[in-house]
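Heads up, entry_22.cif below (mmCIF, C-alpha atoms):
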data_upload
#
loop_
_atom_site.label_atom_id
_atom_site.label_comp_id
_atom_site.auth_asym_id
_atom_site.auth_seq_id
_atom_site.Cartn_x
_atom_site.Cartn_y
_atom_site.Cartn_z
CA MET B 24 52.84 -64.93 -0.32
CA THR B 25 53.10 -61.73 1.72
CA THR B 26 55.28 -62.13 4.79
CA VAL B 27 54.86 -60.35 8.10
CA HIS B 28 57.86 -60.24 10.39
CA GLY B 29 56.39 -59.68 13.82
CA TYR B 30 56.56 -60.30 17.56
CA SER B 31 53.26 -61.87 18.59
CA PRO B 32 52.71 -60.05 21.91
CA SER B 33 53.33 -56.65 20.24
CA GLY B 34 50.21 -54.60 19.63
CA ASN B 35 51.83 -52.93 16.64
CA CYS B 36 52.31 -56.37 15.12
CA HIS B 37 48.88 -57.60 16.15
CA LYS B 38 47.28 -54.78 14.13
CA LEU B 39 48.47 -56.55 10.96
CA ARG B 40 47.36 -60.00 12.11
CA LEU B 41 43.90 -58.61 12.83
CA LEU B 42 43.49 -56.76 9.53
CA LEU B 43 44.88 -59.62 7.43
CA ALA B 44 42.54 -62.09 9.17
CA GLN B 45 39.56 -59.82 8.56
CA LEU B 46 40.55 -59.25 4.92
CA GLY B 47 40.95 -63.01 4.48
CA THR B 48 44.38 -62.44 2.95
CA PRO B 49 46.75 -65.42 3.22
CA TYR B 50 50.13 -64.48 4.66
CA ARG B 51 53.17 -65.99 6.28
CA TRP B 52 54.17 -64.87 9.80
CA ILE B 53 57.82 -64.98 10.82
CA GLU B 54 58.22 -64.59 14.57
CA VAL B 55 60.90 -62.03 15.49
CA ASP B 56 61.36 -61.55 19.23
CA SER B 57 62.20 -57.87 19.46
CA SER B 58 62.47 -58.21 23.26
CA ARG B 59 65.50 -60.49 22.73
CA GLY B 60 67.34 -58.35 20.19
CA GLU B 61 66.17 -60.21 17.10
CA THR B 62 65.43 -56.92 15.30
CA ARG B 63 69.03 -55.80 15.86
CA THR B 64 70.83 -58.51 13.92
CA PRO B 65 72.76 -57.51 10.78
CA GLU B 66 70.33 -59.55 8.66
CA TYR B 67 67.28 -57.80 10.09
CA LEU B 68 68.83 -54.32 9.99
CA ALA B 69 69.66 -54.87 6.31
CA LYS B 70 65.90 -55.05 5.69
CA ASN B 71 64.76 -52.48 8.27
CA PRO B 72 67.55 -50.11 9.36
CA ASN B 73 65.27 -48.75 12.10
CA GLY B 74 65.31 -52.20 13.76
CA LYS B 75 61.63 -52.52 14.61
CA VAL B 76 58.72 -54.84 14.04
CA PRO B 77 56.36 -55.22 12.27
CA MET B 78 57.82 -55.38 8.79
CA LEU B 79 55.94 -56.38 5.63
CA GLU B 80 57.92 -58.19 2.95
CA LEU B 81 56.47 -58.76 -0.50
CA ASP B 82 57.35 -61.74 -2.68
CA ASP B 83 59.71 -59.63 -4.75
CA GLY B 84 61.61 -58.56 -1.64
CA ARG B 85 60.15 -55.07 -1.29
CA ILE B 86 59.88 -53.94 2.32
CA LEU B 87 57.35 -51.72 4.09
CA VAL B 88 57.73 -50.74 7.75
CA GLU B 89 55.67 -48.81 10.34
CA SER B 90 52.54 -50.62 11.47
CA ASN B 91 50.07 -47.87 10.56
CA ALA B 92 51.60 -47.30 7.12
CA ILE B 93 51.25 -51.04 6.50
CA LEU B 94 47.61 -51.01 7.67
CA HIS B 95 46.90 -48.12 5.29
CA TYR B 96 48.59 -49.88 2.37
CA LEU B 97 46.76 -53.18 2.97
CA ALA B 98 43.38 -51.47 3.47
CA GLU B 99 43.49 -49.33 0.31
CA GLY B 100 40.50 -50.19 -1.87
CA THR B 101 38.75 -52.17 0.88
CA GLY B 102 35.97 -51.22 3.28
CA PHE B 103 38.52 -50.83 6.08
CA LEU B 104 39.59 -47.45 4.67
CA PRO B 105 36.83 -44.94 3.85
CA ASP B 106 36.45 -43.62 0.29
CA ASP B 107 35.59 -40.12 1.40
CA PRO B 108 38.72 -37.91 1.41
CA TRP B 109 37.78 -36.18 4.66
CA GLN B 110 37.17 -39.48 6.47
CA ARG B 111 40.42 -40.85 5.02
CA ALA B 112 42.17 -37.82 6.51
CA GLN B 113 40.53 -38.45 9.87
CA ALA B 114 41.71 -42.07 9.75
CA LEU B 115 45.30 -40.93 9.33
CA SER B 116 44.83 -38.27 12.00
CA TRP B 117 43.75 -40.89 14.54
CA MET B 118 46.59 -43.17 13.48
CA PHE B 119 49.15 -40.43 14.05
CA PHE B 120 47.46 -39.71 17.38
CA GLU B 121 47.88 -43.38 18.23
CA GLN B 122 51.61 -43.40 17.49
CA TYR B 123 52.39 -40.08 19.18
CA SER B 124 49.92 -39.65 22.05
CA HIS B 125 48.84 -43.21 22.91
CA GLU B 126 51.36 -45.93 22.08
CA PRO B 127 54.41 -44.27 23.73
CA PHE B 128 52.51 -44.33 27.03
CA VAL B 129 49.98 -47.18 26.92
CA ALA B 130 52.22 -49.66 25.10
CA VAL B 131 55.41 -48.66 26.88
CA ALA B 132 53.79 -48.99 30.33
CA ARG B 133 52.69 -52.50 29.38
CA PHE B 134 56.16 -53.35 28.08
CA ILE B 135 57.79 -52.14 31.29
CA CYS B 136 55.33 -54.16 33.42
CA GLY B 137 55.69 -57.40 31.49
CA TRP B 138 59.03 -57.31 29.76
CA THR B 139 61.47 -55.69 32.21
CA PRO B 140 62.76 -57.06 35.54
CA LEU B 141 60.94 -56.00 38.71
CA GLU B 142 64.02 -54.04 39.74
CA SER B 143 64.30 -52.16 36.41
CA PRO B 144 64.91 -48.42 36.88
CA ARG B 145 62.46 -47.87 34.01
CA ARG B 146 59.66 -48.71 36.44
CA ALA B 147 60.12 -45.30 38.05
CA GLY B 148 58.58 -43.87 34.88
CA LEU B 149 55.32 -45.81 35.19
CA PRO B 150 53.26 -43.15 37.03
CA ARG B 151 54.04 -40.54 34.37
CA LEU B 152 53.36 -43.00 31.53
CA ARG B 153 50.01 -43.88 33.07
CA GLU B 154 49.10 -40.21 33.48
CA ARG B 155 49.81 -39.57 29.79
CA GLY B 156 48.03 -42.78 28.78
CA HIS B 157 44.91 -41.67 30.63
CA GLU B 158 45.04 -38.37 28.74
CA ALA B 159 44.88 -40.38 25.50
CA PHE B 160 41.99 -42.50 26.80
CA ALA B 161 40.11 -39.32 27.77
CA VAL B 162 40.47 -38.00 24.19
CA MET B 163 39.21 -41.32 22.82
CA GLU B 164 36.30 -41.34 25.30
CA GLY B 165 35.26 -37.87 24.14
CA HIS B 166 35.10 -39.02 20.53
CA LEU B 167 33.44 -42.35 21.28
CA SER B 168 30.72 -40.79 23.40
CA THR B 169 29.25 -39.34 20.19
CA HIS B 170 30.58 -41.69 17.49
CA PRO B 171 30.44 -45.51 17.27
CA TRP B 172 33.76 -45.76 15.37
CA PHE B 173 36.81 -43.57 14.81
CA THR B 174 36.00 -42.76 11.18
CA GLY B 175 32.75 -42.56 9.30
CA THR B 176 29.99 -45.02 9.97
CA GLY B 177 31.94 -48.25 10.18
CA TYR B 178 34.86 -50.10 11.65
CA GLY B 179 38.19 -49.48 9.93
CA ILE B 180 41.94 -49.20 10.27
CA ALA B 181 41.84 -46.29 12.73
CA ASP B 182 39.84 -48.57 15.04
CA ILE B 183 42.33 -51.40 14.52
CA ALA B 184 45.30 -49.11 15.26
CA LEU B 185 43.75 -47.78 18.48
CA PHE B 186 42.29 -51.11 19.59
CA ALA B 187 45.55 -53.04 19.65
CA TYR B 188 47.09 -51.59 22.80
CA SER B 189 43.84 -50.28 24.34
CA ASP B 190 42.48 -53.81 24.65
CA VAL B 191 45.51 -54.95 26.66
CA ALA B 192 45.99 -51.72 28.60
CA HIS B 193 45.20 -53.51 31.88
CA GLN B 194 48.51 -55.35 31.41
CA GLY B 195 50.18 -51.95 31.85
CA GLY B 196 48.16 -51.15 34.96
CA PHE B 197 45.44 -49.07 33.28
CA GLU B 198 41.95 -49.22 34.75
CA LEU B 199 39.39 -48.41 32.04
CA SER B 200 36.26 -48.20 34.21
CA PRO B 201 36.16 -44.37 33.84
CA TYR B 202 35.62 -44.78 30.09
CA PRO B 203 32.28 -46.45 29.37
CA ALA B 204 32.14 -45.37 25.72
CA LEU B 205 35.65 -46.72 25.16
CA ARG B 206 34.75 -50.02 26.81
CA GLY B 207 31.66 -50.27 24.61
CA TRP B 208 33.80 -49.66 21.52
CA LEU B 209 36.33 -52.32 22.59
CA ALA B 210 33.43 -54.78 22.86
CA ARG B 211 32.13 -53.79 19.40
CA VAL B 212 35.57 -54.33 17.86
CA ARG B 213 35.77 -57.79 19.46
CA GLU B 214 32.46 -58.63 17.74
CA THR B 215 33.53 -57.65 14.22
CA PRO B 216 33.57 -60.50 11.67
CA GLY B 217 36.82 -62.43 11.62
CA PHE B 218 38.15 -60.82 14.80
CA VAL B 219 41.22 -62.46 16.32
CA ALA B 220 42.52 -61.61 19.78
CA MET B 221 46.14 -60.92 20.62
CA PRO B 222 47.90 -64.04 21.94
CA ASP B 223 48.33 -64.14 25.70
CA PRO B 224 51.75 -63.16 27.04
CA SER B 225 54.08 -66.06 27.85
CA PRO B 226 53.93 -67.38 31.42
CA GLY B 227 57.09 -65.45 32.30
CA ASN B 228 55.73 -62.17 30.96
CA ALA B 229 52.33 -62.86 32.55
CA ALA B 230 53.99 -63.38 35.93
CA LEU B 231 55.80 -60.05 35.65
CA ILE B 232 52.53 -58.34 34.67
CA ALA B 233 50.74 -59.93 37.65
CA ALA B 234 53.48 -58.70 39.98
CA SER B 235 53.30 -55.17 38.51
CA THR B 236 49.64 -54.29 38.26
CA MET C 25 39.75 -19.44 3.43
CA THR C 26 41.49 -22.37 5.11
CA THR C 27 42.85 -21.50 8.54
CA VAL C 28 45.96 -22.93 10.18
CA HIS C 29 46.20 -22.61 13.95
CA GLY C 30 49.91 -22.84 14.63
CA TYR C 31 52.88 -21.80 16.73
CA SER C 32 55.47 -20.34 14.36
CA PRO C 33 58.65 -21.82 15.91
CA SER C 34 57.12 -25.32 15.89
CA GLY C 35 58.45 -27.60 13.20
CA ASN C 36 55.18 -29.52 13.13
CA CYS C 37 53.42 -26.24 12.31
CA HIS C 38 56.10 -25.12 9.88
CA LYS C 39 55.47 -28.23 7.77
CA LEU C 40 52.07 -26.76 6.84
CA ARG C 41 53.42 -23.28 6.16
CA LEU C 42 56.01 -24.79 3.81
CA LEU C 43 53.61 -27.02 1.89
CA LEU C 44 50.91 -24.33 1.59
CA ALA C 45 53.49 -21.84 0.31
CA GLN C 46 54.77 -24.33 -2.25
CA LEU C 47 51.23 -25.24 -3.33
CA GLY C 48 50.40 -21.54 -3.66
CA THR C 49 47.28 -22.07 -1.56
CA PRO C 50 46.02 -18.94 0.22
CA TYR C 51 45.44 -19.49 3.92
CA ARG C 52 45.01 -17.64 7.18
CA TRP C 53 47.47 -18.29 10.04
CA ILE C 54 46.31 -17.85 13.63
CA GLU C 55 49.24 -17.80 16.01
CA VAL C 56 48.68 -20.06 19.04
CA ASP C 57 51.57 -20.09 21.50
CA SER C 58 51.53 -23.66 22.73
CA SER C 59 54.52 -22.88 24.98
CA ARG C 60 52.28 -20.50 26.97
CA GLY C 61 49.28 -22.78 27.37
CA GLU C 62 47.23 -21.37 24.50
CA THR C 63 46.34 -24.88 23.29
CA ARG C 64 44.90 -25.71 26.73
CA THR C 65 42.11 -23.11 26.87
CA PRO C 66 38.50 -24.36 26.88
CA GLU C 67 37.95 -22.72 23.47
CA TYR C 68 40.93 -24.48 21.90
CA LEU C 69 40.21 -27.85 23.53
CA ALA C 70 36.65 -27.67 22.16
CA LYS C 71 38.19 -27.78 18.67
CA ASN C 72 41.12 -30.13 19.42
CA PRO C 73 40.64 -32.17 22.60
CA ASN C 74 44.26 -33.35 22.34
CA GLY C 75 45.41 -29.73 22.87
CA LYS C 76 48.13 -29.55 20.24
CA VAL C 77 49.12 -27.49 17.22
CA PRO C 78 48.91 -27.47 14.27
CA MET C 79 45.19 -27.60 13.58
CA LEU C 80 43.54 -27.08 10.19
CA GLU C 81 40.09 -25.45 10.20
CA LEU C 82 37.98 -25.36 7.05
CA ASP C 83 35.52 -22.59 6.28
CA ASP C 84 32.62 -24.78 7.35
CA GLY C 85 34.23 -25.38 10.74
CA ARG C 86 35.51 -28.89 10.11
CA ILE C 87 38.75 -29.63 11.96
CA LEU C 88 41.76 -31.79 11.07
CA VAL C 89 44.66 -32.33 13.46
CA GLU C 90 48.06 -34.08 13.37
CA SER C 91 50.63 -32.35 11.17
CA ASN C 92 51.39 -35.31 8.93
CA ALA C 93 47.71 -36.18 8.40
CA ILE C 94 47.17 -32.56 7.36
CA LEU C 95 50.14 -32.69 4.96
CA HIS C 96 48.72 -35.86 3.41
CA TYR C 97 45.26 -34.32 3.04
CA LEU C 98 46.56 -31.11 1.47
CA ALA C 99 48.93 -32.95 -0.88
CA GLU C 100 46.37 -35.41 -2.26
CA GLY C 101 46.14 -34.98 -6.03
CA THR C 102 49.28 -32.83 -6.22
CA GLY C 103 52.86 -33.65 -7.13
CA PHE C 104 53.81 -33.59 -3.45
CA LEU C 105 52.25 -37.04 -2.95
CA PRO C 106 53.25 -39.79 -5.41
CA ASP C 107 50.57 -41.51 -7.51
CA ASP C 108 52.19 -44.92 -7.23
CA PRO C 109 50.60 -46.93 -4.37
CA TRP C 110 53.94 -48.32 -3.19
CA GLN C 111 55.58 -44.89 -3.09
CA ARG C 112 52.51 -43.50 -1.31
CA ALA C 113 52.95 -46.23 1.29
CA GLN C 114 56.62 -45.33 1.66
CA ALA C 115 55.65 -41.67 2.18
CA LEU C 116 53.40 -42.65 5.07
CA SER C 117 56.05 -45.00 6.43
CA TRP C 118 58.60 -42.18 6.60
CA MET C 119 56.02 -39.86 8.15
CA PHE C 120 55.24 -42.37 10.90
CA PHE C 121 59.00 -42.82 11.38
CA GLU C 122 59.24 -39.04 11.77
CA GLN C 123 56.58 -38.89 14.47
CA TYR C 124 57.77 -41.95 16.41
CA SER C 125 61.54 -42.20 15.95
CA HIS C 126 62.63 -38.64 15.11
CA GLU C 127 60.38 -35.86 16.47
CA PRO C 128 60.18 -37.16 20.08
CA PHE C 129 63.98 -36.85 20.28
CA VAL C 130 65.10 -34.18 17.80
CA ALA C 131 62.20 -31.77 18.40
CA VAL C 132 61.99 -32.39 22.12
CA ALA C 133 65.73 -31.77 22.62
CA ARG C 134 65.34 -28.44 20.78
CA PHE C 135 62.29 -27.56 22.87
CA ILE C 136 64.14 -28.29 26.11
CA CYS C 137 67.14 -26.21 24.98
CA GLY C 138 65.14 -23.18 23.89
CA TRP C 139 61.86 -23.26 25.74
CA THR C 140 62.66 -24.46 29.27
CA PRO C 141 64.64 -22.64 32.00
CA LEU C 142 68.35 -23.44 32.32
CA GLU C 143 67.62 -25.08 35.67
CA SER C 144 64.80 -27.30 34.31
CA PRO C 145 65.09 -30.92 35.49
CA ARG C 146 64.09 -31.94 31.95
CA ARG C 147 67.62 -30.99 30.84
CA ALA C 148 68.92 -34.18 32.49
CA GLY C 149 67.20 -36.03 29.65
CA LEU C 150 69.14 -34.28 26.88
CA PRO C 151 71.95 -36.84 26.45
CA ARG C 152 69.48 -39.69 25.95
CA LEU C 153 67.33 -37.60 23.57
CA ARG C 154 70.42 -36.75 21.52
CA GLU C 155 71.48 -40.41 21.39
CA ARG C 156 68.05 -41.41 20.06
CA GLY C 157 67.98 -38.44 17.66
CA HIS C 158 71.32 -39.53 16.20
CA GLU C 159 69.88 -43.00 15.65
CA ALA C 160 67.15 -41.39 13.53
CA PHE C 161 69.68 -39.32 11.59
CA ALA C 162 71.70 -42.48 10.91
CA VAL C 163 68.61 -44.16 9.42
CA MET C 164 67.97 -41.09 7.25
CA GLU C 165 71.62 -40.98 6.17
CA GLY C 166 71.44 -44.60 5.06
CA HIS C 167 68.46 -43.89 2.84
CA LEU C 168 69.79 -40.61 1.48
CA SER C 169 73.15 -42.07 0.55
CA THR C 170 71.37 -43.96 -2.25
CA HIS C 171 68.25 -41.85 -2.88
CA PRO C 172 67.90 -38.10 -3.53
CA TRP C 173 64.48 -37.86 -1.82
CA PHE C 174 62.47 -39.92 0.65
CA THR C 175 59.95 -41.16 -1.88
CA GLY C 176 60.15 -41.76 -5.60
CA THR C 177 62.09 -39.42 -7.81
CA GLY C 178 61.01 -36.08 -6.42
CA TYR C 179 60.51 -33.89 -3.40
CA GLY C 180 57.28 -34.51 -1.49
CA ILE C 181 55.52 -34.52 1.86
CA ALA C 182 57.81 -37.13 3.43
CA ASP C 183 60.69 -34.74 2.75
CA ILE C 184 58.72 -31.84 4.24
CA ALA C 185 57.85 -33.85 7.36
CA LEU C 186 61.46 -34.91 7.95
CA PHE C 187 62.98 -31.57 6.97
CA ALA C 188 61.12 -29.44 9.51
CA TYR C 189 62.99 -30.45 12.66
CA SER C 190 66.13 -31.76 10.94
CA ASP C 191 66.93 -28.30 9.57
CA VAL C 192 66.86 -26.76 13.06
CA ALA C 193 68.41 -29.73 14.87
CA HIS C 194 71.48 -27.63 15.79
CA GLN C 195 69.15 -25.66 18.10
CA GLY C 196 68.80 -28.87 20.09
CA GLY C 197 72.54 -29.45 20.18
CA PHE C 198 72.77 -31.86 17.25
CA GLU C 199 75.91 -31.76 15.11
CA LEU C 200 75.11 -33.01 11.60
CA SER C 201 78.65 -33.18 10.20
CA PRO C 202 78.63 -37.03 10.35
CA TYR C 203 75.78 -37.07 7.83
CA PRO C 204 76.92 -35.70 4.45
CA ALA C 205 74.01 -37.18 2.49
CA LEU C 206 71.53 -35.70 4.95
CA ARG C 207 73.20 -32.30 4.73
CA GLY C 208 73.05 -32.47 0.93
CA TRP C 209 69.34 -33.29 1.10
CA LEU C 210 68.67 -30.39 3.50
CA ALA C 211 70.34 -28.09 0.96
CA ARG C 212 68.26 -29.52 -1.89
CA VAL C 213 65.04 -28.96 0.07
CA ARG C 214 66.04 -25.35 0.73
CA GLU C 215 66.40 -24.89 -3.06
CA THR C 216 62.92 -26.21 -3.96
CA PRO C 217 60.60 -23.65 -5.62
CA GLY C 218 58.65 -21.55 -3.16
CA PHE C 219 60.68 -22.71 -0.15
CA VAL C 220 60.15 -20.73 3.04
CA ALA C 221 62.37 -21.11 6.10
CA MET C 222 61.14 -21.48 9.64
CA PRO C 223 61.07 -18.13 11.47
CA ASP C 224 63.96 -17.57 13.87
CA PRO C 225 63.25 -18.21 17.55
CA SER C 226 62.47 -15.10 19.59
CA PRO C 227 65.46 -13.39 21.27
CA GLY C 228 64.55 -15.01 24.58
CA ASN C 229 64.38 -18.50 23.09
CA ALA C 230 67.53 -17.85 21.04
CA ALA C 231 69.41 -16.86 24.20
CA LEU C 232 68.38 -20.09 25.92
CA ILE C 233 69.47 -22.07 22.86
CA ALA C 234 72.84 -20.28 22.81
CA ALA C 235 73.35 -21.09 26.48
CA SER C 236 72.42 -24.75 25.96
CA THR C 237 74.27 -25.88 22.85
#

Structure rendered as structure tokens:
Amino acid sequence: MTTVHGYSPSGNCHKLRLLLAQLGTPYRWIEVDSSRGETRTPEYLAKNPNGKVPMLELDDGRILVESNAILHYLAEGTGFLPDDPWQRAQALSWMFFEQYSHEPFVAVARFICGWTPLESPRRAGLPRLRERGHEAFAVMEGHLSTHPWFTGTGYGIADIALFAYSDVAHQGGFELSPYPALRGWLARVRETPGFVAMPDPSPGNAALIAAST
Amino acid sequence: MTTVHGYSPSGNCHKLRLLLAQLGTPYRWIEVDSSRGETRTPEYLAKNPNGKVPMLELDDGRILVESNAILHYLAEGTGFLPDDPWQRAQALSWMFFEQYSHEPFVAVARFICGWTPLESPRRAGLPRLRERGHEAFAVMEGHLSTHPWFTGTGYGIADIALFAYSDVAHQGGFELSPYPALRGWLARVRETPGFVAMPDPSPGNAALIAAST
């Protein structure tokens, strides 16, 4: 059975949980707490030298890393990845946008709020991260004001990739009221068949988030 | 004829020049100096609301952005993208690695050295960028010490994506002597048929690089 090595509160990891649930694919989940160094052990680094989650491990031991590459691999031949070459290209384009122009700001702001001490010097970077995160939300809002989904006519892996951290952006101090089209899209994603939400942060992380936002 | 909107000294843009040259595909190049705000004009933002280069424009006006998504689109059906689904997945995995764990450090350090004033406060970030860039080079070295290319048995778009900024890393103050396998791979890429090198930085940018590294 396919194994996912992942940290449950990570949006990058949740992308795989959501797609696998919606595909109805059985899988095994091995919890790896990247916030406590569990991706930096010799055993883990032997499988993924870049020391990150998520990681997909096949029964024969083959390894695939990078959340959006895993989404693309799992979605091939399913309705979650368009057949049309141009729409397939747009799916990848949005997924690279997510990793370069969205996640490093939206996800990192959330991580700093919930997973670093209140006195962490990294908190000085929050205003700049939020500014850049809002730039990403504005780009998404522009697209979503004329399109129901990120590619083609239906929900797919570009939506999953962008949903993961957008739906928990408030945990990083982002206020999404300026983006009605984005909020409508988040609601549509939550209504897709087989949808599963990201687990809530632990009480300790939730307390840090509450004190930060 | 396909049009590339690009800034010549940008590695992300050079990826497209290199692949198109090696495919033998005719194209038109429109120079857009992102370092002087030319991606932030209303006309440019109407085509790419994220305000970045490169941008591919088809004859019918359709737009594709994100360098690695464009590489993937152009390489589909050619020898630059493997047929095997697992190797295709590995190509995307390395391309997401490039955009998340390599470019934000290796390319940004080079940009700061050559495209910001010597008194820029951003220069305080160079040691940390170089530390993270070396982590990426170490991951690449590990792979290349047992594989000639990033995917399968031949040169392809994952190599192009990772080559672009690795080959000019010295302009960001990176010393690659600790990575013999990586240096061997850079040399092999330079010997591929139809290879074209990135244009040299302008004299002004070159002077800043010389004063920074």

Inset, instruction - Please identify every residue of chain C that has at least one atom no more than 12 Å from any atom of chain B, counting all atoms listed in the file, and report them as a ChimeraX atom specification. - result: /C:69-76,78-80,82,86-101,108-128,156,158-167

Legend entry - Contacts of Gly148 of chain B at 10 Å (only C-alpha atoms; same-chain gap of 3+ positions) as a ChimeraX atom specification: /B:128,131-132,135,144-145,151-153

Legend entry - Reference answer for the PyMOL selection byres ((chain C and resi 50-60) around 12), as a VMD selection string: chain C and resid 25 to 34 36 to 38 40 to 49 61 to 65 67 to 68 75 to 83 98 135 to 136 138 to 140 229

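Atom to atom, atom CA of Gly196 of chain C and atom CA of Gly180 of chain C stand 25.1 Å apart.
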
Legend entry - Atom-to-atom span, atom CA of Thr175 of chain C and atom CA of Gly197 of chain C, Å: 28.0 Å

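Compared by their closest atoms to Cys136 of chain B, and using all atoms listed in the file, the residues B:Ser168, B:Ala184, B:Arg206, B:Ala229 rank with B:Ala229 nearest.
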
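Here atom CA of Glu215 of chain C is placed at a distance of 10.8 Å from atom CA of Tyr179 of chain C.
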
Legend entry - the PyMOL selection byres ((chain B and resi 186) around 10) resolved against shown file, as a PyMOL selection string: chain B and resi 34+37-38+121+180-185+187-192+205+208-209+212-213
